[in-house]
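**Student:** Hey, dropping data-v3.cif in here, mmCIF, C-alpha atoms and all ligand atoms:
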data_run
loop_
_atom_site.label_atom_id
_atom_site.label_comp_id
_atom_site.auth_asym_id
_atom_site.auth_seq_id
_atom_site.Cartn_x
_atom_site.Cartn_y
_atom_site.Cartn_z
CA MET Y 1 -26.19 42.20 2.72
CA VAL Y 2 -24.73 38.91 3.89
CA MET Y 3 -21.02 38.47 3.22
CA LEU Y 4 -20.41 34.97 1.95
CA MET Y 5 -17.13 33.44 3.08
CA PRO Y 6 -15.25 31.99 0.09
CA GLU Y 7 -15.65 28.27 0.33
CA THR Y 8 -12.67 26.36 1.65
CA ARG Y 9 -11.21 24.36 -1.22
CA ILE Y 10 -7.80 23.12 -2.19
CA ASN Y 11 -5.84 25.10 -4.79
CA SER Y 12 -5.74 22.79 -7.79
CA VAL Y 13 -3.00 24.75 -9.59
CA TYR Y 14 -0.77 24.70 -6.55
CA LEU Y 15 -1.38 20.99 -6.04
CA HIS Y 16 -0.66 20.28 -9.70
CA ASP Y 17 2.65 22.15 -9.51
CA LEU Y 18 3.66 20.00 -6.54
CA PHE Y 19 2.66 16.88 -8.47
CA GLU Y 20 4.79 17.88 -11.48
CA GLU Y 21 7.79 18.63 -9.27
CA LEU Y 22 7.54 15.33 -7.40
CA SER Y 23 6.96 13.35 -10.62
CA ASP Y 24 10.31 14.63 -11.93
CA ILE Y 25 12.14 12.84 -9.12
CA GLY Y 26 12.99 9.36 -10.37
CA ALA Y 27 11.09 10.00 -13.62
CA THR Y 28 11.37 7.22 -16.20
CA ARG Y 29 11.45 7.56 -19.99
CA GLN Y 30 8.13 5.72 -20.19
CA GLY Y 31 6.43 8.44 -18.17
CA GLY Y 32 6.36 6.78 -14.76
CA VAL Y 33 8.62 6.96 -11.72
CA HIS Y 34 11.22 4.62 -10.27
CA ARG Y 35 11.61 5.58 -6.61
CA LEU Y 36 12.38 2.40 -4.74
CA ALA Y 37 12.35 2.82 -0.96
CA LEU Y 38 15.64 4.16 0.43
CA SER Y 39 17.16 4.51 -3.08
CA ASN Y 40 18.76 7.79 -4.14
CA GLU Y 41 15.50 8.76 -5.84
CA ASP Y 42 13.42 8.04 -2.74
CA LEU Y 43 15.86 9.97 -0.55
CA GLU Y 44 15.67 12.87 -3.01
CA ALA Y 45 11.86 12.79 -2.88
CA ARG Y 46 11.99 12.78 0.91
CA SER Y 47 14.34 15.75 1.06
CA TRP Y 48 12.09 17.56 -1.45
CA PHE Y 49 9.12 16.82 0.82
CA ALA Y 50 11.05 18.08 3.87
CA GLU Y 51 11.85 21.30 1.98
CA GLN Y 52 8.16 21.84 1.14
CA ILE Y 53 7.22 21.29 4.78
CA GLU Y 54 9.77 23.83 5.97
CA MET Y 55 8.94 26.35 3.24
CA LEU Y 56 5.28 26.23 4.26
CA GLY Y 57 6.21 26.77 7.88
CA PHE Y 58 5.14 23.42 9.33
CA ALA Y 59 7.05 21.48 11.95
CA LEU Y 60 9.24 18.76 10.48
CA ARG Y 61 9.10 15.43 12.25
CA ASP Y 62 10.81 12.13 11.62
CA ASP Y 63 11.00 8.89 13.56
CA ASP Y 64 13.18 5.82 13.99
CA VAL Y 65 11.78 3.95 10.97
CA GLY Y 66 12.27 6.94 8.68
CA ASN Y 67 8.65 8.13 8.47
CA LEU Y 68 8.75 11.80 7.57
CA SER Y 69 6.01 14.28 8.52
CA GLY Y 70 4.91 17.89 8.40
CA VAL Y 71 2.84 18.97 11.39
CA LEU Y 72 0.38 21.85 11.71
CA ARG Y 73 0.03 22.26 15.45
CA CYS Y 74 -3.16 23.61 16.99
CA SER Y 75 -3.19 25.96 19.96
CA ASN Y 76 -3.90 23.17 22.45
CA MET Y 77 -0.52 21.49 22.84
CA ASN Y 78 -2.14 18.50 24.57
CA ALA Y 79 -4.49 17.83 21.67
CA LYS Y 80 -4.45 14.57 19.73
CA THR Y 81 -3.09 14.26 16.19
CA LEU Y 82 -4.99 13.45 13.03
CA LEU Y 83 -2.64 11.71 10.58
CA ILE Y 84 -3.04 12.05 6.81
CA GLY Y 85 -0.64 10.06 4.75
CA SER Y 86 0.56 7.61 2.18
CA HIS Y 87 3.97 6.94 0.62
CA LEU Y 88 6.53 8.63 -1.62
CA ASP Y 89 8.27 5.40 -2.65
CA SER Y 90 7.14 3.65 -5.84
CA ALA Y 91 7.00 0.18 -7.32
CA PRO Y 92 9.78 -0.57 -9.87
CA ASN Y 93 9.02 1.57 -12.94
CA GLY Y 94 5.73 2.48 -11.28
CA GLY Y 95 3.13 5.17 -11.74
CA ARG Y 96 3.19 8.81 -10.69
CA TYR Y 97 -0.05 8.81 -8.68
CA ASP Y 98 0.28 5.75 -6.42
CA GLY Y 99 1.16 7.03 -2.94
CA ALA Y 100 2.23 10.48 -4.14
CA ILE Y 101 -1.33 11.79 -4.40
CA GLY Y 102 -2.07 10.99 -0.76
CA ILE Y 103 1.01 12.89 0.45
CA LEU Y 104 0.59 15.91 -1.81
CA ALA Y 105 -3.15 16.28 -1.15
CA GLY Y 106 -2.41 15.99 2.57
CA LEU Y 107 0.23 18.72 2.36
CA GLU Y 108 -2.21 20.94 0.43
CA CYS Y 109 -4.87 20.40 3.13
CA LEU Y 110 -2.42 21.59 5.78
CA ARG Y 111 -1.51 24.62 3.65
CA VAL Y 112 -5.14 25.65 3.09
CA ILE Y 113 -6.06 25.22 6.75
CA LYS Y 114 -3.04 27.28 7.82
CA GLU Y 115 -3.75 29.94 5.19
CA ARG Y 116 -7.32 30.26 6.47
CA GLY Y 117 -5.99 30.65 9.99
CA LEU Y 118 -8.22 27.81 11.22
CA ASP Y 119 -7.38 26.57 14.71
CA LEU Y 120 -8.47 22.96 14.64
CA PRO Y 121 -9.15 21.05 17.86
CA PHE Y 122 -6.32 18.63 16.90
CA HIS Y 123 -2.85 18.67 15.41
CA LEU Y 124 -2.76 17.78 11.73
CA GLU Y 125 0.16 15.69 10.45
CA VAL Y 126 0.90 14.70 6.86
CA ILE Y 127 3.12 11.61 6.91
CA ASP Y 128 5.23 9.71 4.36
CA PHE Y 129 5.51 6.07 5.41
CA THR Y 130 8.81 4.32 4.65
CA ASP Y 131 8.82 1.45 2.11
CA GLU Y 132 5.10 0.91 1.62
CA GLU Y 133 5.85 -0.90 -1.63
CA GLY Y 134 8.16 -3.47 -0.08
CA SER Y 135 11.46 -2.92 -1.87
CA TRP Y 136 12.85 -4.22 1.45
CA GLN Y 137 9.97 -4.79 3.86
CA SER Y 138 6.49 -3.83 2.72
CA LEU Y 139 4.60 -1.40 4.99
CA TYR Y 140 7.76 -0.95 7.07
CA GLY Y 141 6.97 2.61 8.17
CA SER Y 142 3.35 2.04 9.14
CA MET Y 143 4.29 -1.16 10.97
CA GLY Y 144 6.95 0.79 12.85
CA LEU Y 145 4.48 3.50 13.86
CA THR Y 146 1.96 0.95 15.10
CA GLY Y 147 4.55 -1.16 16.94
CA THR Y 148 3.97 -4.26 14.81
CA LEU Y 149 7.55 -4.60 13.56
CA THR Y 150 9.66 -7.32 15.09
CA GLU Y 151 13.39 -7.94 14.95
CA ALA Y 152 12.77 -10.64 12.31
CA HIS Y 153 11.67 -7.90 9.91
CA ILE Y 154 15.18 -6.43 9.88
CA SER Y 155 17.34 -9.35 10.95
CA ASP Y 156 15.81 -12.53 9.64
CA SER Y 157 17.72 -15.77 10.26
CA LYS Y 158 16.45 -17.26 6.96
CA THR Y 159 17.16 -14.29 4.73
CA ASP Y 160 20.23 -12.14 4.94
CA ASN Y 161 18.78 -8.70 5.59
CA ALA Y 162 22.17 -7.02 5.75
CA PRO Y 163 21.55 -5.00 2.54
CA PHE Y 164 18.28 -3.71 4.06
CA ARG Y 165 20.05 -2.66 7.24
CA ALA Y 166 22.77 -1.00 5.16
CA ALA Y 167 20.11 0.91 3.19
CA LEU Y 168 18.47 2.07 6.43
CA ASN Y 169 21.84 3.15 7.85
CA ARG Y 170 22.65 5.03 4.65
CA ALA Y 171 19.37 6.94 5.07
CA GLY Y 172 20.37 7.84 8.64
CA ILE Y 173 17.97 5.32 10.21
CA ASN Y 174 19.39 3.01 12.88
CA PRO Y 175 17.71 -0.35 12.07
CA TYR Y 176 17.67 -1.45 15.71
CA ASP Y 177 15.89 1.65 17.03
CA TYR Y 178 12.59 0.68 15.38
CA LEU Y 179 10.77 0.25 18.71
CA ASN Y 180 11.12 4.00 19.37
CA ALA Y 181 8.91 4.71 16.36
CA ARG Y 182 5.79 3.31 18.02
CA ARG Y 183 3.25 6.04 18.73
CA ASP Y 184 0.84 6.01 21.66
CA PRO Y 185 -2.59 5.26 20.12
CA ASN Y 186 -4.12 7.62 22.72
CA SER Y 187 -2.16 10.47 21.16
CA LEU Y 188 -3.85 9.88 17.79
CA LEU Y 189 -7.31 10.87 16.64
CA GLY Y 190 -7.27 8.83 13.45
CA TYR Y 191 -5.76 8.33 10.01
CA LEU Y 192 -6.97 9.39 6.56
CA GLU Y 193 -5.46 8.15 3.30
CA LEU Y 194 -6.29 9.24 -0.24
CA HIS Y 195 -5.11 6.80 -2.93
CA ILE Y 196 -5.64 5.93 -6.57
CA GLU Y 197 -7.84 2.81 -6.85
CA GLN Y 198 -5.41 0.55 -8.84
CA SER Y 199 -8.35 -1.30 -10.32
CA ASP Y 200 -11.22 -0.20 -12.58
CA PHE Y 201 -14.32 -0.54 -10.38
CA LEU Y 202 -14.93 3.22 -10.01
CA GLU Y 203 -14.24 3.88 -13.69
CA GLN Y 204 -16.51 1.04 -14.86
CA ASN Y 205 -19.31 2.32 -12.65
CA ASN Y 206 -18.71 5.97 -13.47
CA LEU Y 207 -18.22 6.93 -9.82
CA ASN Y 208 -16.11 9.79 -8.42
CA ILE Y 209 -15.09 8.44 -5.04
CA GLY Y 210 -14.65 5.02 -3.42
CA VAL Y 211 -15.08 4.82 0.34
CA VAL Y 212 -13.14 1.71 1.31
CA SER Y 213 -14.99 -0.37 3.87
CA ARG Y 214 -12.39 -3.12 4.16
CA VAL Y 215 -9.06 -4.25 2.76
CA VAL Y 216 -8.88 -7.85 1.56
CA GLY Y 217 -7.08 -10.45 3.62
CA ARG Y 218 -4.04 -11.97 2.02
CA SER Y 219 -1.99 -15.12 2.43
CA SER Y 220 1.27 -15.83 0.63
CA PHE Y 221 2.80 -19.25 0.13
CA LYS Y 222 6.01 -20.91 -0.96
CA ILE Y 223 5.22 -24.21 -2.67
CA ARG Y 224 8.25 -26.44 -3.23
CA PHE Y 225 8.03 -29.44 -5.58
CA ILE Y 226 10.86 -31.92 -5.26
CA GLY Y 227 11.60 -34.55 -7.91
CA GLU Y 228 14.79 -35.93 -9.34
CA ALA Y 229 17.39 -34.48 -11.72
CA VAL Y 230 17.98 -36.99 -14.53
CA HIS Y 231 18.96 -36.72 -18.19
CA ALA Y 232 16.24 -35.44 -20.51
CA ALA Y 233 16.46 -38.75 -22.42
CA THR Y 234 15.21 -40.74 -19.42
CA ASN Y 235 12.07 -42.80 -19.97
CA TYR Y 236 8.98 -40.66 -19.23
CA ALA Y 237 7.59 -43.23 -16.80
CA LYS Y 238 10.70 -42.76 -14.65
CA LYS Y 239 10.85 -38.96 -14.75
CA ARG Y 240 9.91 -37.04 -11.63
CA ASP Y 241 9.77 -33.55 -13.10
CA ALA Y 242 9.33 -30.86 -10.45
CA LEU Y 243 8.57 -28.19 -13.03
CA LEU Y 244 5.65 -30.22 -14.37
CA GLY Y 245 4.29 -30.32 -10.82
CA ALA Y 246 4.64 -26.55 -10.57
CA ALA Y 247 3.02 -26.04 -13.99
CA CYS Y 248 0.08 -28.26 -12.97
CA PHE Y 249 -0.27 -26.27 -9.73
CA ILE Y 250 -0.11 -22.86 -11.43
CA THR Y 251 -2.73 -23.86 -14.00
CA ASP Y 252 -5.10 -25.44 -11.49
CA VAL Y 253 -4.82 -22.99 -8.62
CA HIS Y 254 -6.15 -20.08 -10.68
CA SER Y 255 -9.53 -21.84 -10.75
CA LEU Y 256 -9.94 -20.74 -7.11
CA ALA Y 257 -10.58 -17.19 -8.31
CA GLN Y 258 -13.67 -18.51 -10.13
CA GLU Y 259 -14.69 -20.93 -7.40
CA PHE Y 260 -14.60 -18.24 -4.69
CA ALA Y 261 -16.21 -15.10 -6.11
CA GLY Y 262 -14.36 -11.95 -5.14
CA GLY Y 263 -11.14 -13.90 -4.60
CA MET Y 264 -7.80 -13.33 -6.27
CA VAL Y 265 -4.94 -15.69 -7.06
CA ASN Y 266 -1.49 -14.79 -8.27
CA CYS Y 267 1.54 -16.96 -8.90
CA GLY Y 268 4.26 -14.35 -9.24
CA SER Y 269 7.60 -16.10 -8.92
CA ILE Y 270 9.17 -19.40 -9.86
CA ASP Y 271 12.64 -20.77 -9.23
CA ILE Y 272 13.85 -24.08 -10.64
CA GLN Y 273 16.94 -26.23 -10.27
CA PRO Y 274 19.21 -27.27 -11.80
CA ASN Y 275 17.83 -24.95 -14.51
CA ARG Y 276 19.57 -26.69 -17.41
CA VAL Y 277 17.96 -27.41 -20.76
CA THR Y 278 19.19 -31.03 -20.88
CA ILE Y 279 18.23 -31.95 -17.30
CA VAL Y 280 14.81 -32.77 -15.84
CA PRO Y 281 14.15 -30.16 -13.11
CA SER Y 282 14.51 -31.68 -9.64
CA TYR Y 283 13.21 -28.68 -7.76
CA ALA Y 284 10.61 -25.99 -8.45
CA LYS Y 285 9.58 -23.29 -5.97
CA VAL Y 286 6.45 -21.26 -6.71
CA LYS Y 287 5.71 -18.13 -4.72
CA MET Y 288 2.03 -17.27 -4.83
CA GLU Y 289 -0.74 -15.52 -2.96
CA VAL Y 290 -4.50 -15.62 -2.47
CA ARG Y 291 -6.70 -12.69 -1.42
CA HIS Y 292 -10.32 -12.46 -0.33
CA PRO Y 293 -12.47 -9.87 1.48
CA ASP Y 294 -14.13 -12.49 3.70
CA PRO Y 295 -11.91 -14.12 6.38
CA ALA Y 296 -13.73 -17.51 6.37
CA THR Y 297 -13.57 -17.75 2.58
CA LEU Y 298 -9.89 -16.83 2.61
CA ALA Y 299 -9.29 -19.72 5.04
CA GLN Y 300 -11.12 -22.08 2.64
CA MET Y 301 -8.99 -20.83 -0.25
CA GLU Y 302 -5.85 -21.51 1.79
CA GLU Y 303 -6.93 -25.12 2.37
CA LYS Y 304 -7.57 -25.55 -1.35
CA VAL Y 305 -4.11 -24.19 -2.22
CA ALA Y 306 -2.51 -26.95 -0.13
CA GLU Y 307 -4.89 -29.56 -1.58
CA ILE Y 308 -4.14 -28.61 -5.20
CA ALA Y 309 -0.39 -28.64 -4.49
CA LYS Y 310 -0.69 -32.17 -3.05
CA GLN Y 311 -2.78 -33.43 -5.98
CA CYS Y 312 -0.27 -32.10 -8.52
CA ALA Y 313 2.63 -33.61 -6.57
CA LEU Y 314 0.88 -36.97 -6.46
CA HIS Y 315 0.10 -36.86 -10.17
CA HIS Y 316 3.76 -36.21 -11.05
CA GLN Y 317 5.27 -38.47 -8.34
CA LEU Y 318 6.83 -35.59 -6.44
CA GLU Y 319 7.30 -34.52 -2.87
CA VAL Y 320 5.73 -31.22 -1.98
CA ARG Y 321 6.18 -28.71 0.85
CA VAL Y 322 3.60 -26.00 1.39
CA GLU Y 323 4.69 -23.09 3.56
CA ARG Y 324 2.53 -20.08 4.40
CA THR Y 325 4.98 -17.19 4.50
CA LEU Y 326 2.66 -14.29 5.23
CA HIS Y 327 -0.87 -13.73 6.43
CA ARG Y 328 -2.70 -10.45 6.68
CA ASP Y 329 -6.20 -10.43 8.14
CA VAL Y 330 -9.12 -8.71 6.46
CA VAL Y 331 -9.07 -5.16 7.85
CA TYR Y 332 -12.16 -3.00 8.41
CA MET Y 333 -12.19 0.78 8.14
CA ASN Y 334 -13.91 2.98 10.74
CA ASP Y 335 -17.65 3.37 10.15
CA THR Y 336 -17.96 6.89 11.64
CA LEU Y 337 -15.15 8.16 9.42
CA MET Y 338 -16.71 6.43 6.38
CA GLN Y 339 -19.97 8.25 7.09
CA SER Y 340 -18.11 11.58 7.36
CA VAL Y 341 -16.46 10.96 3.98
CA GLU Y 342 -19.83 10.04 2.45
CA SER Y 343 -21.58 13.15 3.77
CA VAL Y 344 -18.73 15.29 2.41
CA CYS Y 345 -19.09 13.61 -1.02
CA ASP Y 346 -22.84 14.43 -0.96
CA GLU Y 347 -22.07 18.03 -0.05
CA LEU Y 348 -19.63 18.26 -2.97
CA ASN Y 349 -22.06 16.50 -5.34
CA LEU Y 350 -19.64 13.65 -5.94
CA SER Y 351 -20.96 10.17 -6.60
CA HIS Y 352 -19.56 7.55 -4.24
CA THR Y 353 -19.79 3.96 -3.13
CA ARG Y 354 -18.47 1.73 -0.38
CA MET Y 355 -16.01 -0.78 -1.76
CA VAL Y 356 -13.39 -3.36 -0.97
CA SER Y 357 -9.72 -2.59 -1.58
CA LEU Y 358 -8.03 -5.45 -3.37
CA ALA Y 359 -4.62 -3.91 -2.79
CA GLY Y 360 -2.76 -3.38 0.46
CA HIS Y 361 -2.16 0.12 1.84
CA ASP Y 362 -0.70 1.77 4.92
CA ALA Y 363 -4.32 2.32 6.06
CA GLN Y 364 -4.69 -1.43 6.64
CA ILE Y 365 -1.85 -1.34 9.17
CA LEU Y 366 -3.18 1.82 10.82
CA ALA Y 367 -6.85 0.69 10.98
CA PRO Y 368 -6.53 -1.75 13.92
CA PHE Y 369 -4.48 0.91 15.77
CA THR Y 370 -6.46 4.13 15.24
CA PRO Y 371 -9.79 4.92 13.47
CA SER Y 372 -8.93 5.00 9.78
CA ALA Y 373 -10.48 5.85 6.43
CA LEU Y 374 -9.23 5.07 2.93
CA ILE Y 375 -10.55 7.16 0.05
CA PHE Y 376 -10.15 6.05 -3.57
CA ILE Y 377 -10.22 8.03 -6.80
CA PRO Y 378 -10.65 6.33 -10.21
CA CYS Y 379 -7.70 4.80 -12.04
CA LYS Y 380 -7.77 4.83 -15.85
CA ASP Y 381 -8.31 1.29 -17.21
CA GLY Y 382 -7.41 0.03 -13.73
CA ILE Y 383 -3.71 0.10 -14.67
CA SER Y 384 -1.35 0.79 -11.78
CA MET Y 385 2.25 -0.02 -10.77
CA ASN Y 386 2.96 0.87 -14.38
CA PRO Y 387 4.15 4.03 -16.15
CA LYS Y 388 0.73 4.20 -17.86
CA GLU Y 389 -0.99 4.75 -14.50
CA TYR Y 390 -3.24 7.77 -15.00
CA THR Y 391 -6.24 9.56 -13.61
CA ASP Y 392 -7.86 12.72 -14.90
CA TRP Y 393 -6.67 15.69 -12.83
CA SER Y 394 -10.28 16.48 -11.87
CA ASN Y 395 -10.30 13.18 -9.92
CA VAL Y 396 -7.25 14.25 -7.92
CA GLU Y 397 -8.88 17.61 -7.26
CA ASN Y 398 -12.09 15.89 -6.12
CA GLY Y 399 -10.19 13.50 -3.86
CA ALA Y 400 -8.13 16.31 -2.30
CA ASN Y 401 -11.29 18.34 -1.62
CA VAL Y 402 -12.96 15.31 -0.04
CA LEU Y 403 -9.87 14.92 2.18
CA LEU Y 404 -9.92 18.61 3.16
CA LYS Y 405 -13.66 18.68 3.87
CA THR Y 406 -13.44 15.45 5.85
CA ILE Y 407 -10.79 17.02 8.09
CA LEU Y 408 -13.06 20.03 8.60
CA ARG Y 409 -16.06 17.76 9.23
CA ILE Y 410 -14.12 15.87 11.91
CA ALA Y 411 -13.23 19.24 13.47
CA GLU Y 412 -16.92 20.32 13.45
CA GLN Y 413 -18.01 17.10 15.09
CA PHE Y 414 -15.20 17.10 17.64
ZN ZN X 1 0.25 2.88 -2.88
#
Would you give me this structure, written as structure tokens?
Ligand SMILES: [Zn+2]
**Tutor:**
Amino acid sequence: MVMLMPETRINSVYLHDLFEELSDIGATRQGGVHRLALSNEDLEARSWFAEQIEMLGFALRDDDVGNLSGVLRCSNMNAKTLLIGSHLDSAPNGGRYDGAIGILAGLECLRVIKERGLDLPFHLEVIDFTDEEGSWQSLYGSMGLTGTLTEAHISDSKTDNAPFRAALNRAGINPYDYLNARRDPNSLLGYLELHIEQSDFLEQNNLNIGVVSRVVGRSSFKIRFIGEAVHAATNYAKKRDALLGAACFITDVHSLAQEFAGGMVNCGSIDIQPNRVTIVPSYAKVKMEVRHPDPATLAQMEEKVAEIAKQCALHHQLEVRVERTLHRDVVYMNDTLMQSVESVCDELNLSHTRMVSLAGHDAQILAPFTPSALIFIPCKDGISMNPKEYTDWSNVENGANVLLKTILRIAEQF
């Protein structure tokens, strides 16, 4: 009689217990979490994570940008490291799954592999990246690890970053030691991230797993309209109302999402002066962004943003200044790793598709540095960064098993 080895799977009950414990840290009345990077709640989540790592007998590692890891070392001390990660910080009043699932599933993978006594041909490291959400500097931890941080990120001449530096210091992180956090890419085998989709593509198409092929490119702008502050009673022909220019821009620029299929536009912030009900606004600053999965199309969208801003300024007799404040290139995930994830999904009888991520993730910073894969599970109604964020637990279980089997597949093919 052939003895069948019990199949290697994650322990769903154990993983769920971890999820409940972590969700209690920074829990909000609405059912979400508020764990802004480097806040008391985030620091509590990090010390909870460190405790789990130590309780499970893994090596605890941290670096000079505050990334926190648990490492399961293999017997070959010179082996490379496979990173699995995401983030423990949340958006303001955010959801319980965003980021957390990637960390907890990663920790569970390490636990199962250790429990089985498997000696992988690489070290396995589950990592929490500091401030993915950008309470201070988005993707700070992953940028630190990949050596893409610059001094301007912590000591900007335009913005006073002193509160950020104070928050880092309070967390025991010396802001000026960030260069020490850079890892040697030759010491890494790759990076895997499991994340909730944050949109409804998988749900709408009734699919279990999304294998992200690329992350959209993104450009952010500050558009400043400058008019003249005069009394509200001034003759309309003589008014140069900066807020009307901004309103024209906001209304018109959204048409780019229709004009360029697959594109996204968001105007998320506006600041006006003098901000008095009896005075025509002399100044309006709109902060907005465009995203697209194709680099050439994104460049076209950028040109159109500037064109629309100029047209609206002209129409309302205003000056306008268009400043691109951030640009992130379209990032491609590693094809070999994508194929491994797909073959694992087939083995587990999970439906899957290749897809574009419309949201930014640590994986987009890691991908140009080390072979990376980003695995999505469905998100109910596509609602994320919100206390209502939800996914059926079976989706988390599926995603965690895909993560585990992908690690084992990489080991087989090593
Ligand atoms: Zn996230």
**Student:** Which of these, Y:Lys239, Y:Arg73, Y:His87, Y:His34, has the shortest distance to ligand ZN 1 (chain X) once you count all atoms listed in the file?
**Tutor:** Y:His87
**Student:** Show me which residues are within 8 Å of ligand ZN 1 (chain X) counting all atoms listed in the file, and format the list as a list of chain:residue names.
**Tutor:**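 Listing the residues within 8 Å of ligand ZN 1 (chain X) gives Y:Ser86, Y:His87, Y:Ser90, Y:Asp98, Y:Gly99, Y:Ala100, Y:Glu132, Y:Glu133, Y:His195, Y:Ile196, Y:Gly360, Y:His361, Y:Asp362.
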**Student:** Quick one, how far is atom CA of Y:Met264 from atom CA of Y:Leu374?
**Tutor:**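 For atom CA of Y:Met264 relative to atom CA of Y:Leu374, the distance reads 20.6 Å.
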**Student:** Tell me, as a list in words, which residues lie within 9 Å of Y:Asn206, counting all atoms listed in the file; anything in the same chain fewer than 5 positions away does not count.
**Tutor:**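 Here the qualifying residues turn out to be Phe201, Ser351 and Pro378 of chain Y.
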**Student:** Around the point (-4.9, -10.8, 0.9) in the file's coordinates, collect all residues with an atom within 10 Å, using only C-alpha atoms, and return them as a PDB file with C-alpha atoms, keeping the file's coordinate frame.
**Tutor:**
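The resulting point03.pdb:
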ATOM      1  CA  VAL Y 215      -9.060  -4.250   2.760  1.00  0.00           C
ATOM      2  CA  VAL Y 216      -8.880  -7.850   1.560  1.00  0.00           C
ATOM      3  CA  GLY Y 217      -7.080 -10.450   3.620  1.00  0.00           C
ATOM      4  CA  ARG Y 218      -4.040 -11.970   2.020  1.00  0.00           C
ATOM      5  CA  SER Y 219      -1.990 -15.120   2.430  1.00  0.00           C
ATOM      6  CA  SER Y 220       1.270 -15.830   0.630  1.00  0.00           C
ATOM      7  CA  GLY Y 263     -11.140 -13.900  -4.600  1.00  0.00           C
ATOM      8  CA  MET Y 264      -7.800 -13.330  -6.270  1.00  0.00           C
ATOM      9  CA  VAL Y 265      -4.940 -15.690  -7.060  1.00  0.00           C
ATOM     10  CA  GLU Y 289      -0.740 -15.520  -2.960  1.00  0.00           C
ATOM     11  CA  VAL Y 290      -4.500 -15.620  -2.470  1.00  0.00           C
ATOM     12  CA  ARG Y 291      -6.700 -12.690  -1.420  1.00  0.00           C
ATOM     13  CA  HIS Y 292     -10.320 -12.460  -0.330  1.00  0.00           C
ATOM     14  CA  PRO Y 293     -12.470  -9.870   1.480  1.00  0.00           C
ATOM     15  CA  ASP Y 294     -14.130 -12.490   3.700  1.00  0.00           C
ATOM     16  CA  PRO Y 295     -11.910 -14.120   6.380  1.00  0.00           C
ATOM     17  CA  LEU Y 298      -9.890 -16.830   2.610  1.00  0.00           C
ATOM     18  CA  LEU Y 326       2.660 -14.290   5.230  1.00  0.00           C
ATOM     19  CA  HIS Y 327      -0.870 -13.730   6.430  1.00  0.00           C
ATOM     20  CA  ARG Y 328      -2.700 -10.450   6.680  1.00  0.00           C
ATOM     21  CA  ASP Y 329      -6.200 -10.430   8.140  1.00  0.00           C
ATOM     22  CA  VAL Y 330      -9.120  -8.710   6.460  1.00  0.00           C
ATOM     23  CA  VAL Y 331      -9.070  -5.160   7.850  1.00  0.00           C
ATOM     24  CA  SER Y 357      -9.720  -2.590  -1.580  1.00  0.00           C
ATOM     25  CA  LEU Y 358      -8.030  -5.450  -3.370  1.00  0.00           C
ATOM     26  CA  ALA Y 359      -4.620  -3.910  -2.790  1.00  0.00           C
ATOM     27  CA  GLY Y 360      -2.760  -3.380   0.460  1.00  0.00           C
TER      28      GLY Y 360
END
**Student:** Quick one: everything within 9 Å of Y:Ser384, counting only C-alpha atoms, minus sequence neighbours fewer than 4 positions away in the same chain. Send it as a PyMOL selection string.
**Tutor:** chain Y and resi 94-95+97-98+196-199+379-380+388-390
**Student:** So, with only C-alpha atoms as the atoms that count, which of Y:Arg324, Y:His254, Y:Lys310, Y:Lys222 lies closest to Y:Ile270?
**Tutor:**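 Looking only at the distances to Y:Ile270, the closest residue turns out to be Y:Lys222.
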**Student:** Which residues, written as a list in words, have at least one atom at most 10 Å from Y:Asn78, with all atoms listed in the file counted and residues fewer than 2 positions away on the same chain left out?
**Tutor:** Cys74, Ser75, Asn76, Lys80, Thr81, Phe122, His123 and Ser187 of chain Y
